[in-house]
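Participant: What follows is the file model_32.txt, containing compact mmCIF, C-alpha atoms:
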```
# COMPACT_ATOMS: atom_id res chain seq x y z
CA MET P 28 379.02 -92.48 -22.59
CA SER P 29 380.67 -94.84 -20.14
CA ARG P 30 383.84 -93.93 -18.33
CA MET P 31 385.86 -96.42 -20.36
CA SER P 32 384.47 -95.03 -23.61
CA ARG P 33 385.40 -91.50 -22.59
CA ARG P 34 388.93 -92.65 -21.84
CA PHE P 35 389.12 -94.39 -25.19
CA VAL P 36 387.92 -91.28 -27.03
CA LEU P 37 390.40 -89.16 -25.08
CA LEU P 38 393.25 -91.49 -25.97
CA ILE P 39 392.31 -91.52 -29.65
CA THR P 40 392.03 -87.71 -29.66
CA ILE P 41 395.49 -87.31 -28.16
CA ALA P 42 396.94 -89.82 -30.61
CA VAL P 43 395.36 -88.03 -33.59
CA LEU P 44 396.63 -84.65 -32.36
CA ALA P 45 400.13 -86.04 -31.87
CA LEU P 46 400.10 -87.59 -35.32
CA GLY P 47 398.97 -84.25 -36.71
CA VAL P 48 401.98 -82.58 -35.10
CA TYR P 49 404.18 -85.43 -36.39
CA GLU P 50 402.94 -84.99 -39.95
CA GLY P 51 403.23 -81.23 -39.70
CA VAL P 52 406.84 -81.42 -38.60
CA HIS P 53 407.55 -84.07 -41.22
CA ARG P 54 406.19 -81.87 -43.97
CA PHE P 55 408.02 -78.86 -42.59
CA GLY P 56 411.21 -80.91 -42.71
CA ARG P 57 410.65 -81.54 -46.41
CA HIS P 58 410.39 -77.82 -46.99
CA GLN P 59 414.05 -77.21 -47.42
CA ALA P 60 414.55 -73.50 -47.48
CA VAL P 61 412.82 -70.21 -47.89
CA THR P 62 414.74 -67.18 -48.92
CA ALA P 63 413.18 -63.78 -48.61
CA VAL P 64 414.40 -61.55 -51.38
CA SER P 65 413.29 -58.26 -52.78
CA ASN P 66 414.98 -57.90 -56.12
CA PRO P 67 413.18 -56.74 -59.23
CA ALA P 68 411.68 -59.80 -60.90
CA PRO P 69 413.21 -60.67 -64.25
CA GLN P 70 411.06 -60.08 -67.29
CA PHE P 71 410.80 -62.83 -69.84
CA SER P 72 408.72 -63.94 -72.73
CA ALA P 73 408.43 -67.49 -73.96
CA THR P 74 406.13 -69.91 -75.73
CA ASP P 75 404.22 -72.37 -73.58
CA ILE P 76 403.60 -76.02 -74.44
CA ASN P 77 400.29 -75.14 -76.10
CA GLY P 78 401.98 -72.64 -78.38
CA GLY P 79 400.64 -69.67 -76.41
CA SER P 80 402.67 -66.64 -75.51
CA VAL P 81 403.88 -66.13 -71.94
CA ASN P 82 405.05 -62.61 -71.34
CA THR P 83 405.60 -61.38 -67.81
CA ALA P 84 404.72 -57.86 -68.95
CA ASP P 85 401.16 -59.14 -69.33
CA TYR P 86 401.13 -59.98 -65.61
CA LYS P 87 401.98 -56.47 -64.45
CA GLY P 88 400.07 -55.69 -61.26
CA LYS P 89 399.45 -59.36 -60.51
CA VAL P 90 401.01 -61.68 -57.99
CA VAL P 91 403.03 -64.22 -59.99
CA LEU P 92 404.19 -67.60 -58.73
CA VAL P 93 406.95 -69.05 -60.93
CA ASN P 94 407.58 -72.74 -60.32
CA PHE P 95 410.61 -74.50 -61.81
CA TRP P 96 409.79 -78.18 -62.02
CA ALA P 97 409.98 -81.34 -64.11
CA ALA P 98 407.63 -84.19 -64.82
CA TRP P 99 410.38 -86.68 -63.80
CA CYS P 100 410.84 -85.00 -60.41
CA GLY P 101 408.75 -86.66 -57.70
CA PRO P 102 408.41 -83.72 -55.29
CA CYS P 103 407.59 -81.45 -58.24
CA THR P 104 404.71 -83.56 -59.49
CA GLU P 105 403.32 -83.80 -55.95
CA GLU P 106 403.11 -80.01 -55.92
CA VAL P 107 401.27 -79.62 -59.22
CA PRO P 108 397.73 -80.37 -57.94
CA GLN P 109 398.29 -77.81 -55.20
CA PHE P 110 399.42 -75.15 -57.66
CA ILE P 111 396.34 -75.94 -59.75
CA ALA P 112 394.20 -75.41 -56.65
CA LEU P 113 395.98 -72.15 -55.81
CA GLN P 114 395.48 -70.84 -59.34
CA LYS P 115 391.80 -71.75 -59.25
CA LYS P 116 391.24 -70.27 -55.80
CA TYR P 117 393.05 -66.96 -56.24
CA GLN P 118 393.09 -66.16 -59.96
CA ASP P 119 390.17 -63.78 -59.61
CA GLN P 120 392.08 -61.91 -56.93
CA GLY P 121 395.10 -61.49 -59.19
CA LEU P 122 397.28 -64.60 -58.88
CA GLN P 123 399.03 -66.04 -61.90
CA VAL P 124 400.96 -69.31 -61.62
CA VAL P 125 403.59 -70.03 -64.29
CA GLY P 126 405.44 -73.34 -64.58
CA VAL P 127 408.88 -73.62 -66.14
CA SER P 128 409.80 -77.22 -66.83
CA VAL P 129 413.42 -78.38 -66.84
CA ASP P 130 414.82 -81.08 -69.08
CA ASP P 131 411.53 -82.73 -69.92
CA ASP P 132 410.72 -84.71 -73.01
CA PRO P 133 408.12 -82.45 -74.73
CA ASP P 134 405.74 -85.36 -75.31
CA VAL P 135 405.99 -86.52 -71.70
CA LEU P 136 405.44 -82.95 -70.55
CA LEU P 137 402.37 -82.47 -72.74
CA ARG P 138 400.87 -85.77 -71.57
CA PHE P 139 401.42 -84.77 -67.97
CA TYR P 140 399.93 -81.33 -68.59
CA ARG P 141 396.79 -82.82 -70.12
CA LYS P 142 396.45 -85.63 -67.59
CA TYR P 143 396.51 -83.21 -64.66
CA GLN P 144 394.47 -80.60 -66.54
CA MET P 145 396.93 -77.92 -65.52
CA ASN P 146 395.19 -74.55 -65.48
CA TYR P 147 398.28 -72.35 -65.80
CA PRO P 148 400.87 -71.92 -68.56
CA VAL P 149 403.92 -74.20 -68.62
CA VAL P 150 407.03 -73.12 -70.46
CA PRO P 151 409.28 -75.97 -71.63
CA GLY P 152 412.84 -75.94 -70.28
CA ASP P 153 414.49 -72.67 -70.95
CA LEU P 154 417.90 -71.95 -69.46
CA LYS P 155 417.50 -68.28 -70.19
CA VAL P 156 414.59 -68.10 -67.79
CA ALA P 157 416.54 -69.96 -65.09
CA ASP P 158 419.52 -67.64 -65.62
CA ALA P 159 417.26 -64.62 -65.38
CA PHE P 160 416.23 -65.80 -61.92
CA GLY P 161 419.87 -66.06 -60.88
CA GLY P 162 420.22 -69.73 -61.74
CA VAL P 163 418.13 -72.69 -60.69
CA LEU P 164 420.26 -75.59 -59.46
CA GLY P 165 417.68 -77.95 -58.06
CA LEU P 166 414.02 -78.79 -58.24
CA PRO P 167 411.47 -77.82 -57.28
CA THR P 168 412.20 -74.12 -56.90
CA THR P 169 409.45 -71.56 -56.57
CA PHE P 170 409.60 -67.77 -56.72
CA LEU P 171 406.89 -65.42 -55.52
CA ILE P 172 406.60 -62.08 -57.25
CA GLY P 173 404.46 -59.28 -55.83
CA ARG P 174 402.21 -56.81 -57.59
CA ASP P 175 405.18 -54.44 -57.38
CA SER P 176 407.10 -56.77 -59.77
CA ARG P 177 409.67 -57.60 -57.11
CA ILE P 178 410.65 -61.07 -55.91
CA HIS P 179 409.33 -61.55 -52.39
CA GLY P 180 410.17 -65.18 -51.77
CA LYS P 181 412.16 -68.15 -53.00
CA HIS P 182 411.35 -71.68 -51.91
CA ASN P 183 413.95 -74.36 -52.47
CA GLY P 184 412.63 -77.89 -52.33
CA ALA P 185 409.17 -79.28 -51.80
CA ALA P 186 406.83 -76.53 -50.78
CA ASP P 187 404.92 -76.24 -47.55
CA PHE P 188 401.67 -75.10 -49.07
CA SER P 189 400.28 -73.57 -45.95
CA VAL P 190 403.30 -71.23 -46.03
CA ILE P 191 403.04 -70.58 -49.76
CA GLU P 192 399.33 -69.86 -49.57
CA ARG P 193 399.86 -67.51 -46.65
CA GLU P 194 402.53 -65.65 -48.63
CA VAL P 195 400.33 -65.49 -51.73
CA VAL P 196 397.43 -64.07 -49.74
CA ALA P 197 399.72 -61.52 -48.08
CA LEU P 198 401.02 -60.39 -51.46
CA LEU P 199 397.53 -60.22 -52.92
CA HIS P 200 396.50 -57.93 -50.08
CA ALA P 201 399.72 -55.94 -49.87
CA PRO P 202 399.25 -52.18 -50.21
CA GLN P 203 400.33 -50.73 -53.52
CA ASN P 204 402.94 -48.01 -53.63
CA MET V 14 386.47 -99.24 -7.40
CA LYS V 15 385.65 -102.07 -9.81
CA PRO V 16 388.32 -104.71 -10.41
CA GLY V 17 390.33 -103.89 -13.53
CA SER V 18 389.23 -100.25 -13.65
CA ILE V 19 391.83 -97.53 -14.15
CA THR V 20 392.44 -94.91 -11.51
CA PRO V 21 392.81 -91.26 -12.61
CA ARG V 22 396.46 -91.40 -11.57
CA THR V 23 397.11 -94.43 -13.76
CA LEU V 24 395.31 -92.79 -16.66
CA ILE V 25 397.44 -89.64 -16.33
CA LEU V 26 400.58 -91.75 -16.16
CA ARG V 27 399.63 -93.67 -19.28
CA LEU V 28 398.71 -90.51 -21.17
CA SER V 29 402.02 -88.95 -20.16
CA LEU V 30 403.91 -91.97 -21.43
CA LEU V 31 401.96 -91.91 -24.69
CA THR V 32 402.61 -88.19 -25.15
CA ALA V 33 406.32 -88.65 -24.41
CA LEU V 34 406.55 -91.48 -26.93
CA LEU V 35 404.80 -89.49 -29.65
CA THR V 36 406.89 -86.40 -28.88
CA ALA V 37 410.03 -88.51 -29.25
CA MET V 38 408.76 -89.67 -32.66
CA VAL V 39 408.17 -86.06 -33.70
CA ILE V 40 411.64 -84.96 -32.60
CA ALA V 41 413.28 -87.96 -34.24
CA SER V 42 411.48 -87.30 -37.51
CA ALA V 43 412.67 -83.69 -37.54
CA GLN V 44 416.34 -84.66 -37.36
CA GLY V 45 418.23 -84.54 -40.68
CA PRO V 46 420.59 -87.47 -40.02
CA ALA V 47 417.65 -89.79 -39.41
CA LYS V 48 416.47 -89.14 -42.94
CA SER V 49 419.96 -89.72 -44.23
CA ALA V 50 420.18 -93.04 -42.37
CA ALA V 51 416.94 -94.18 -43.96
CA THR V 52 418.31 -93.63 -47.43
CA ALA V 53 421.47 -95.57 -46.56
CA ASN V 54 419.53 -98.72 -47.45
CA ASP V 55 419.92 -97.69 -51.07
CA VAL V 56 423.34 -96.11 -50.92
CA PRO V 57 425.21 -97.33 -47.84
CA ALA V 58 426.67 -94.62 -45.63
CA ALA V 59 430.16 -95.94 -46.34
CA SER V 60 429.55 -95.29 -50.03
CA GLN V 61 428.50 -91.69 -49.50
CA ILE V 62 430.88 -88.75 -49.56
CA GLN V 63 430.11 -85.37 -48.01
CA PRO V 64 430.70 -82.14 -49.97
CA GLU V 65 433.55 -80.97 -47.70
CA GLU V 66 435.42 -84.25 -48.19
CA LEU V 67 434.97 -84.14 -51.95
CA VAL V 68 436.29 -80.58 -52.10
CA GLN V 69 439.51 -81.82 -50.48
CA ALA V 70 439.62 -84.93 -52.66
CA ILE V 71 439.40 -83.05 -55.96
CA LYS V 72 442.28 -80.84 -54.83
CA SER V 73 444.48 -83.88 -54.34
CA GLU V 74 446.81 -85.26 -56.97
CA GLY V 75 447.63 -88.74 -58.15
CA ALA V 76 445.81 -91.97 -57.51
CA GLN V 77 443.63 -90.58 -54.74
CA LYS V 78 441.99 -87.94 -56.91
CA PRO V 79 438.58 -89.29 -57.88
CA LEU V 80 437.01 -89.19 -61.27
CA VAL V 81 433.78 -87.22 -60.82
CA LEU V 82 430.83 -88.15 -63.00
CA TYR V 83 427.66 -86.06 -63.19
CA VAL V 84 424.56 -88.15 -63.82
CA GLY V 85 421.85 -85.45 -63.84
CA PRO V 86 420.14 -83.18 -66.38
CA LYS V 87 422.25 -81.08 -68.71
CA ALA V 88 420.34 -77.88 -67.86
CA PHE V 89 421.84 -77.91 -64.37
CA TYR V 90 425.34 -78.99 -65.49
CA THR V 91 425.51 -76.08 -67.93
CA GLN V 92 424.61 -73.59 -65.21
CA ALA V 93 427.07 -74.93 -62.65
CA HIS V 94 428.98 -78.14 -61.99
CA ILE V 95 431.91 -79.42 -59.99
CA PRO V 96 435.14 -78.41 -61.75
CA GLY V 97 436.50 -81.37 -63.71
CA ALA V 98 433.26 -83.35 -63.50
CA GLU V 99 432.34 -85.22 -66.64
CA PHE V 100 428.84 -84.94 -67.99
CA ILE V 101 427.06 -88.28 -68.36
CA GLY V 102 423.41 -87.23 -68.29
CA PRO V 103 420.34 -88.45 -66.44
CA VAL V 104 420.90 -92.15 -65.85
CA ALA V 105 417.19 -92.68 -65.22
CA ARG V 106 416.86 -92.49 -68.99
CA PRO V 107 418.13 -95.35 -71.19
CA GLU V 108 420.49 -93.10 -73.18
CA GLY V 109 422.05 -91.82 -69.95
CA MET V 110 422.54 -95.34 -68.64
CA GLU V 111 424.15 -96.39 -71.94
CA LYS V 112 426.51 -93.44 -71.74
CA LEU V 113 427.46 -94.36 -68.18
CA ARG V 114 428.17 -97.95 -69.18
CA ALA V 115 430.26 -96.85 -72.14
CA ARG V 116 432.31 -94.43 -70.05
CA ALA V 117 432.75 -96.90 -67.22
CA ALA V 118 433.94 -99.60 -69.62
CA SER V 119 437.09 -97.57 -70.24
CA LEU V 120 437.90 -97.07 -66.56
CA SER V 121 439.90 -99.04 -64.06
CA LYS V 122 437.49 -100.76 -61.72
CA ASP V 123 439.64 -100.15 -58.65
CA GLY V 124 440.04 -96.42 -59.21
CA PRO V 125 438.13 -93.88 -57.10
CA VAL V 126 434.94 -92.68 -58.75
CA VAL V 127 432.43 -90.19 -57.36
CA ILE V 128 429.00 -89.78 -58.91
CA TYR V 129 426.63 -86.93 -58.19
CA CYS V 130 423.37 -85.41 -59.32
CA GLY V 131 421.60 -82.96 -56.95
CA CYS V 132 418.73 -82.34 -59.35
CA CYS V 133 416.24 -82.68 -56.50
CA PRO V 134 416.15 -83.83 -52.87
CA TRP V 135 418.33 -86.87 -52.10
CA ASP V 136 415.49 -89.25 -51.36
CA HIS V 137 413.75 -88.37 -54.63
CA CYS V 138 416.65 -88.31 -57.07
CA PRO V 139 415.85 -90.65 -59.96
CA ASN V 140 419.47 -90.87 -61.16
CA ILE V 141 421.76 -91.60 -58.24
CA ARG V 142 420.59 -95.08 -57.26
CA PRO V 143 420.59 -96.60 -60.76
CA ALA V 144 424.01 -95.08 -61.46
CA PHE V 145 425.46 -96.40 -58.20
CA ALA V 146 423.89 -99.83 -58.68
CA GLU V 147 425.18 -100.09 -62.24
CA LEU V 148 428.75 -99.19 -61.36
CA ARG V 149 428.74 -101.67 -58.48
CA LYS V 150 427.34 -104.32 -60.78
CA MET V 151 430.11 -103.61 -63.26
CA GLY V 152 432.63 -104.31 -60.50
CA PHE V 153 433.69 -100.86 -59.37
CA THR V 154 434.94 -101.21 -55.82
CA ARG V 155 435.64 -97.57 -54.95
CA VAL V 156 432.53 -95.80 -56.21
CA ARG V 157 431.00 -93.23 -53.89
CA VAL V 158 428.00 -90.93 -54.15
CA LEU V 159 428.12 -87.25 -53.25
CA TYR V 160 425.49 -86.67 -50.57
CA LEU V 161 423.45 -83.59 -51.47
CA ALA V 162 420.47 -83.47 -49.11
CA ASN V 163 418.44 -80.86 -50.97
CA SER V 164 420.08 -80.03 -54.28
CA PHE V 165 423.38 -79.09 -55.90
CA GLY V 166 422.38 -75.45 -55.56
CA VAL V 167 421.61 -75.51 -51.84
CA ASN V 168 424.26 -77.98 -50.66
CA TRP V 169 427.14 -77.10 -52.96
CA ALA V 170 426.91 -73.85 -54.95
CA GLU V 171 425.34 -71.77 -52.17
CA LYS V 172 427.90 -73.14 -49.70
CA GLY V 173 430.62 -71.48 -51.75
CA PHE V 174 432.22 -74.69 -52.98
CA PRO V 175 433.96 -74.42 -56.36
CA VAL V 176 431.85 -74.51 -59.51
CA ALA V 177 432.49 -74.34 -63.22
CA LYS V 178 430.01 -73.23 -65.85
CA GLY V 179 429.34 -74.27 -69.41
CA GLU V 180 429.45 -77.57 -71.22
```
What is this file in structure tokens?
Facilitator:
Amino acid sequence: MSRMSRRFVLLITIAVLALGVYEGVHRFGRHQAVTAVSNPAPQFSATDINGGSVNTADYKGKVVLVNFWAAWCGPCTEEVPQFIALQKKYQDQGLQVVGVSVDDDPDVLLRFYRKYQMNYPVVPGDLKVADAFGGVLGLPTTFLIGRDSRIHGKHNGAADFSVIEREVVALLHAPQN
Amino acid sequence: MKPGSITPRTLILRLSLLTALLTAMVIASAQGPAKSAATANDVPAASQIQPEELVQAIKSEGAQKPLVLYVGPKAFYTQAHIPGAEFIGPVARPEGMEKLRARAASLSKDGPVVIYCGCCPWDHCPNIRPAFAELRKMGFTRVRVLYLANSFGVNWAEKGFPVAKGE
């Protein structure tokens, strides 16, 4: 490789690294807030959009990710493919993702669910569920519940998935009391 | 040295300048106000009102007290809303827009009006811009939008500003 070519490659490498940092910071900026909490997770039962039963008692001993979202909410829909990937990747280790949609037209919600081939249950808008989690006043909002049935994290706003995945893995591997 | 070739010192200088430029971009992108300024193309900064200012405004009496209209989903309004705010509904939907037009038709166009939503982050809210644009189109001269960067929960309720519950 000539000297000029090496310089060119070096310049491109630095530019790519800098853009990586730029994008990382940009995405971090979108991730509005993370609240660490350790309250007992609320128990709820509901019917999902396929008519199936969603009962948190059935998830005892699992790590549960509860995502409040809506099909009309841009940042929420951007997250869905990543939640699908998380569910697929970690379900055998004990992860269960649950979506709770807010103020969606049922037909729009069902079309979205089928289009994206969502692989986790979605409960249509239910204020009781939001109230049980202490109120949800903005989307998206995501709660992480450990195998001990306690809330271990709350993410307000678009999620930084590297953070969420790290937290999920930590909870999956957390020692049981 | 060949003519036109770059000395190591020049190369280091150029790389330093490039790094400094990219670092400046990174820092600038991480600043909140920069994001806010970008959204001002849709809702000019002069037409935005900050939560602290609105708290004072709704305490006032007389002609300066704004009419506050909520243009987001009912699920959030029922859980918590600004005391005295009227529910309009999500203006991104036709029925919400019709309701806004009907309510606005009965109002004085030179009276202070504040609209807010906070359903999701400011730059993704599907309701604020159409509501603001419609009121301006109808001739409202003193309409302002409550700036909620993240959501009503994060930027209002969790800040301890007053809320009312129910319908």
Participant: List the spatial neighbours of Ala170 (chain V) as a short mmCIF file (atom, residue, chain, number, x, y, z; two decimals) with C-alpha atoms, in the coordinates of the input - criterion: any atom at most 12 Å away, all atoms listed in the file, same-chain residues fewer than 5 positions off excluded.
Facilitator:
```cif
data_model
loop_
_atom_site.label_atom_id
_atom_site.label_comp_id
_atom_site.auth_asym_id
_atom_site.auth_seq_id
_atom_site.Cartn_x
_atom_site.Cartn_y
_atom_site.Cartn_z
CA GLY P 162 420.22 -69.73 -61.74
CA VAL P 163 418.13 -72.69 -60.69
CA LEU P 164 420.26 -75.59 -59.46
CA GLY P 165 417.68 -77.95 -58.06
CA PRO V 64 430.70 -82.14 -49.97
CA VAL V 68 436.29 -80.58 -52.10
CA PHE V 89 421.84 -77.91 -64.37
CA TYR V 90 425.34 -78.99 -65.49
CA GLN V 92 424.61 -73.59 -65.21
CA ALA V 93 427.07 -74.93 -62.65
CA HIS V 94 428.98 -78.14 -61.99
CA ILE V 95 431.91 -79.42 -59.99
CA PRO V 96 435.14 -78.41 -61.75
CA GLY V 131 421.60 -82.96 -56.95
CA LEU V 161 423.45 -83.59 -51.47
CA ASN V 163 418.44 -80.86 -50.97
CA SER V 164 420.08 -80.03 -54.28
CA PHE V 165 423.38 -79.09 -55.90
CA PRO V 175 433.96 -74.42 -56.36
CA VAL V 176 431.85 -74.51 -59.51
CA ALA V 177 432.49 -74.34 -63.22
CA LYS V 178 430.01 -73.23 -65.85
#
```
Participant: Please check which residues have atoms at most 7 Å from (410.4, -76.3, -60.4) in the file's coordinates, counting only C-alpha atoms, and write them as a list in words.
Facilitator: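 Protein and nucleic acid residues near the point are Asn94, Phe95, Trp96, Ala97, Cys103, Val127, Ser128, Leu166, Pro167, Thr168 and Thr169 of chain P.
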Participant: Which value, in Å to one decimal, gives the distance between CA of Val81 (chain V) and CA of Val126 (chain V)?
Facilitator: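 Separating CA of Val81 (chain V) from CA of Val126 (chain V) is a distance of 6.0 Å.
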Participant: Which value, in Å to one decimal, gives the distance between CA of Leu171 (chain P) and CA of Asn82 (chain P)?
Facilitator: 16.2 Å
Participant: To one decimal place in Å, what is the distance between CA of Val84 (chain V) and CA of Val107 (chain P)?
Facilitator: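 Straight-line distance from CA of Val84 (chain V) to CA of Val107 (chain P) works out to 25.2 Å.
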Participant: The residues within 8 Å of (396.1, -60.6, -52.2), using all atoms listed in the file and the coordinates of the file, should be reported as number ranges by chain; which are they?
Facilitator: P: 90, 120-122, 195-201
Participant: Tell me which protein, DNA and RNA residues are within 9 Å of Pro69 (chain P), counting all atoms listed in the file, leaving out same-chain ones fewer than 4 positions away, and put them as a PyMOL selection string.
Facilitator: chain P and resi 83+156+159-160+176-178
Participant: Check the smallest atom-to-atom distance from each of P:Tyr117, P:Phe139, P:Trp99, P:Phe71 to chain V using all atoms listed in the file, then report the winner.
Facilitator: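 Looking only at the distances to chain V, the closest residue turns out to be P:Trp99.
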Participant: Counting only C-alpha atoms, figure out which residue out of P:Val93, P:Ala185, P:Val124, P:Ile111 gets nearest to chain V.
Facilitator: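 Under the stated criterion, the closest residue is P:Ala185.
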Participant: Quick one: region 55-71 of chain V from the block, N, CA and C atoms, as a CSV table (one decimal), in the first residue's frame.
Facilitator:
```csv
chain,number,residue,atom,x,y,z
V,55,ASP,N,-40.8,24.0,13.1
V,55,ASP,CA,-42.2,23.6,13.1
V,55,ASP,C,-43.0,24.5,14.0
V,56,VAL,N,-42.6,24.6,15.2
V,56,VAL,CA,-43.2,25.5,16.2
V,56,VAL,C,-42.2,26.5,16.6
V,57,PRO,N,-42.3,27.8,16.1
V,57,PRO,CA,-41.2,28.8,16.4
V,57,PRO,C,-41.0,28.9,17.9
V,58,ALA,N,-39.8,29.2,18.3
V,58,ALA,CA,-39.4,29.3,19.7
V,58,ALA,C,-40.4,30.4,20.4
V,59,ALA,N,-40.7,31.4,19.7
V,59,ALA,CA,-41.6,32.5,20.3
V,59,ALA,C,-43.0,31.9,20.5
V,60,SER,N,-43.3,30.8,19.9
V,60,SER,CA,-44.7,30.3,20.1
V,60,SER,C,-44.6,29.1,21.1
V,61,GLN,N,-43.5,28.9,21.7
V,61,GLN,CA,-43.4,27.8,22.7
V,61,GLN,C,-43.4,28.5,24.1
V,62,ILE,N,-44.0,27.7,25.1
V,62,ILE,CA,-44.0,28.2,26.4
V,62,ILE,C,-43.4,27.1,27.3
V,63,GLN,N,-42.6,27.4,28.2
V,63,GLN,CA,-41.9,26.5,29.1
V,63,GLN,C,-42.9,26.1,30.3
V,64,PRO,N,-42.7,25.0,30.9
V,64,PRO,CA,-43.6,24.6,32.0
V,64,PRO,C,-43.7,25.6,33.1
V,65,GLU,N,-42.5,26.1,33.5
V,65,GLU,CA,-42.5,27.0,34.7
V,65,GLU,C,-43.3,28.3,34.4
V,66,GLU,N,-43.2,28.8,33.1
V,66,GLU,CA,-44.0,30.0,32.7
V,66,GLU,C,-45.5,29.7,32.7
V,67,LEU,N,-45.8,28.5,32.3
V,67,LEU,CA,-47.3,28.1,32.2
V,67,LEU,C,-47.8,28.0,33.6
V,68,VAL,N,-47.0,27.4,34.5
V,68,VAL,CA,-47.5,27.3,35.9
V,68,VAL,C,-47.9,28.7,36.4
V,69,GLN,N,-47.1,29.7,36.2
V,69,GLN,CA,-47.4,31.0,36.6
V,69,GLN,C,-48.6,31.6,35.9
V,70,ALA,N,-48.7,31.3,34.6
V,70,ALA,CA,-49.8,31.9,33.8
V,70,ALA,C,-51.1,31.3,34.2
V,71,ILE,N,-51.2,30.0,34.6
V,71,ILE,CA,-52.5,29.5,34.9
V,71,ILE,C,-52.9,30.0,36.3
```
